[in-house]
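K.L.:
Structure below; questions to follow.
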Amino acid sequence: MYRSYLVIMALMMLIYSCEFESTDIEYNMGDHFVDDPANVYLVDTMKLRTYSIVSDSFVTSQASRLLSGRYENEYGIETYCESYFRFDPITQSTLNDNLSAQYDSVSLVLYPDGYKFGDTTKIAGFDIFRLTEEIVYDELTYSIYNTTRFDSEAEPIGEFFIDYSRSFDSIAIRLPDEFGRELYNLIYAESDTLEDSEVFKEQFFKGLKIAPKSDNNSLIMGFLADTKSSKALRIDLHYHDNSIKDEQTLSFKLENSEMLGAQGVNNYYAHSFIRNDYSNSILEGETEDEMLQGHSDFTESKFPATKSDEMTFLQGGYMLSTRIEIPYIDNLSYYGRGAVVKAELRVYPLNHTFNKREDLPQILSMEIINERNEFYAHLYEVNNEDFVYGRLMYNYDFKSKVYYSFDLTNFIKTEYEEQSRPQYSLQMFIPYSMDKPNVDQLMVGSPGNDDNSMELDVYFTTF
């Protein structure tokens with residue numbers, strides 16, 4: 001009997017740090033608590049386990065932004081992006097009205113949309129390739145995913161360099177005259193190829209790819225791909241015809257087409273290939289089951305924070321997110337009959353990864369997942385239909401006091417009341433926009449991190 005008593009007392013000590021009367025906190029627990037001496041426990045040593053997990057794929061087509069570039073962070077994680085796109089043919093032209101018209105040049109015109117990730121102090125180089133394989137989409141979802149690539153010619157047909165120490169709003173890259181004359185001759189001859197959009201894009205000109213040069217390891221940038229904008233990427237064909245205006249330009253614009261089953265978008269084939277390489281990073285495991293890259297089933301892959309210097313990773317597009325497990329919620333029952341009053345999770349970004357508020361996402365998202373890292377349900381706040389978000393609590397004086405606050409009351413309350421082995425965990429990630437994909441990163445401390453420790457406070461009352 002005495003031994004059983006010691007076991008119960010030891011378990012209770014594992015899950016709480018202090019006890020106080022209900023009048024010591026500000027939470028309104030109802031009129032029936034006024035006359036009853038209810039004990040409220042602040043449980044601030046609830047055990048947490050955290051992991052870095054990856055998504056197998058996500059949609060990158062039908063977006064107004066294309067991404068291209070390569071960047072390797074300080075922990076050896078390399079992010080690589082390529083842009084794929086194709087163009088509509090020019091169906092009406094007055095080129096052949098003047099027999100003196102002559103071809104001049106052809107160029108690809110790009111408009112950066114302002115997004116950049118990496119080191120902007122270095123010059124970044126990019127290559128342009130002509131595609132040899134037709135771009136296709138998933139016939140079930142009408143989408144193209146980040147894992148999809150298409151074949152191109154081995155040698156680039158153009159190149160450009162980005163230097164953010166200089167201001168610019170567009171980039172014009174001259175393409176080979178051989179390619180330009182092909183387009184020019186089609187227009188001059190009023191070729192039937194121009195009259196059939198699919199023939200033009202599937203047989204004659206399948207599109208282009210923008211990829212980072214092999215020595216570009218510093219920057220990923222975004223290009224405007226909104227077909228409704230005058231600044232969407234295009235191909236300009238230049239010629240002169242000895243008329244009053246003389247210099248003329250015809251533009252092959254980014255494909256703008258409609259598709260059955262897709263609504264509100266008109267850019268179906270332009271997309272970004274996005275991949276992370278973990279082979280030389282802190283997330284490289286000792287066995288296949290521990291490696292994020294190369295695992296046969298991404299949904300079962302999770303890398304413990306204990307093996308990555310007590311931190312986990314988040315990256316836009318669900319590429320990297322943090323799995324949070326709370327395995328001992330049911331231990332609250334050792335107090336006796338009671339209820340969860342409030343639960344707050346505080347997540348701290350690593351001090352050295354930011355210098356100002358703008359370096360951090362303003363909010364983080366949270367969802368409920370199962371044991372296979374698959375989405376189970378949205379996470380809602382108590383007594384309303386608002387999703388739970390992690391709100392940035394920024395301290396301008398002390399980096400160590402900068403954190404994200406999540407209200408987990410509803411989740412902890414539900415898991416506790418079910419009185420069973422916790423089946424569900426939490427997935428924390430950077431909010432992702434399909435319209436404007438990003439590869440932003442965030443590193444946060446695990447519960448075992450000495451400087452930026454993740455913390456969960458649970459207020460529990462007994463009746």
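Residue names in the structure tokens use chain letters A, B, ... in the order shown, residue numbers from 1 in each chain, and ligand numbers from 1 in the order shown.
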Go through range 19-219 of chain A and collect every residue that DSSP, computed from the backbone, puts in strand (DSSP E or B); the answer should be as a PyMOL selection string.
P.N.:
chain A and resi 19-21+39-43+49-54+59+65-72+78-85+87+102-110+112-118+124-131+138+143+145+152+158-162+171-174+208-212+218-219
K.L.:
Between A:Phe58, A:Tyr51, A:Tyr269, A:Phe117, which residue has the minimum interatomic distance to Tyr137 in chain A, considering only C-alpha atoms?
P.N.:
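Closest residue, counting only C-alpha atoms: A:Tyr269.
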K.L.:
What lies within 7 Å of Thr147 in chain A using only C-alpha atoms, ignoring chain neighbours under 5 positions off, as a ChimeraX atom specification?
P.N.:
/A:57,273-274
K.L.:
Identify which of the residues A:Asn449, A:Asn276, A:Asn355, A:Ser191 lies closest to Tyr396 in chain A, counting only C-alpha atoms when measuring atom-to-atom distances.
P.N.:
A:Asn355
K.L.:
With distances taken over only C-alpha atoms, which of A:Asn351, A:Ser83, A:Thr461, A:Ser321 is nearest to Asn39 in chain A?
P.N.:
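Closest to Asn39 in chain A, using only C-alpha atoms: A:Thr461.
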K.L.:
For Glu72 in chain A, which of A:Lys209, A:Arg323, A:His352, A:Arg275 is the closest residue, counting only C-alpha atoms?
P.N.:
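Checking each of A:Lys209, A:Arg323, A:His352, A:Arg275 against Glu72 in chain A, counting only C-alpha atoms, the winner is A:Arg275.
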K.L.:
For range 359-365 of chain A, find every residue with an atom within 6 Å (counting only C-alpha atoms), except residues of its own chain fewer than 3 positions away, and show them as a PyMOL selection string.
P.N.:
chain A and resi 354+356+389-392+428-431
K.L.:
What separation in Å, quoted to one decimal, exists between CA of Thr414 in chain A and CA of Leu345 in chain A?
P.N.:
15.8 Å
K.L.:
Please indicate the distance in Å from CA of Val444 in chain A to CA of Val402 in chain A, rounded to one decimal place.
P.N.:
11.1 Å
K.L.:
Within 7 Å of range 218-235 of chain A, counting only C-alpha atoms, which residues show up once you throw out same-chain ones fewer than 4 positions away? Write them as a PyMOL selection string, please.
P.N.:
chain A and resi 64-72+107-120+122+124+251-254+256+267
K.L.:
Generate a file of the selected residues that holds C-alpha atoms, formatted as an mmCIF file, in the first residue's frame.
P.N.:
```cif
data_model
loop_
_atom_site.group_PDB
_atom_site.id
_atom_site.type_symbol
_atom_site.label_atom_id
_atom_site.label_comp_id
_atom_site.auth_asym_id
_atom_site.auth_seq_id
_atom_site.Cartn_x
_atom_site.Cartn_y
_atom_site.Cartn_z
ATOM 1 C CA SER A 64 0.655 34.010 -59.726
ATOM 2 C CA ARG A 65 4.254 33.345 -58.662
ATOM 3 C CA LEU A 66 6.939 31.098 -60.100
ATOM 4 C CA LEU A 67 10.046 30.244 -58.083
ATOM 5 C CA SER A 68 13.570 29.582 -59.266
ATOM 6 C CA GLY A 69 16.924 29.374 -57.513
ATOM 7 C CA ARG A 70 18.953 27.462 -54.967
ATOM 8 C CA TYR A 71 19.779 28.224 -51.352
ATOM 9 C CA GLU A 72 21.546 26.223 -48.653
ATOM 10 C CA SER A 107 13.981 38.213 -75.854
ATOM 11 C CA LEU A 108 12.348 36.741 -72.759
ATOM 12 C CA VAL A 109 11.002 39.425 -70.425
ATOM 13 C CA LEU A 110 10.632 38.628 -66.709
ATOM 14 C CA TYR A 111 9.206 40.684 -63.869
ATOM 15 C CA PRO A 112 10.386 39.787 -60.348
ATOM 16 C CA ASP A 113 7.388 39.937 -57.997
ATOM 17 C CA GLY A 114 9.450 41.041 -54.985
ATOM 18 C CA TYR A 115 9.824 37.654 -53.311
ATOM 19 C CA LYS A 116 13.375 36.619 -52.482
ATOM 20 C CA PHE A 117 14.787 34.046 -50.080
ATOM 21 C CA GLY A 118 18.450 33.699 -49.279
ATOM 22 C CA ASP A 119 21.496 35.954 -49.500
ATOM 23 C CA THR A 120 20.711 39.030 -51.614
ATOM 24 C CA LYS A 122 25.559 37.841 -53.719
ATOM 25 C CA ALA A 124 22.821 34.871 -58.517
ATOM 26 C CA SER A 251 4.618 39.475 -77.922
ATOM 27 C CA PHE A 252 4.006 35.825 -77.146
ATOM 28 C CA LYS A 253 2.235 36.029 -73.798
ATOM 29 C CA LEU A 254 2.129 33.562 -70.939
ATOM 30 C CA ASN A 256 -4.030 32.096 -70.673
ATOM 31 C CA ASN A 267 -2.684 29.550 -65.596
#
```
K.L.:
Go ahead and compute the interatomic distance for CA of Val347 in chain A and CA of Phe398 in chain A, in Å to one decimal.
P.N.:
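These atoms are spaced 15.2 Å apart.
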K.L.:
List as a ChimeraX atom specification the protein and nucleic acid residues near Ser433 in chain A, meaning an atom at most 8 Å away when only C-alpha atoms are counted, but skip any in the same chain fewer than 4 places from it.
P.N.:
/A:317,437-438
K.L.:
DSSP says alpha helix (DSSP H) for which residues of range 313-432 of chain A? Put them as a PyMOL selection string?
P.N.:
chain A and resi 409-418
K.L.:
Using only C-alpha atoms, pick whichever of A:Asn395, A:Gly445, A:Glu371, A:Asn410 has the shortest atom-to-atom distance to Asn383 in chain A.
P.N.:
A:Asn410
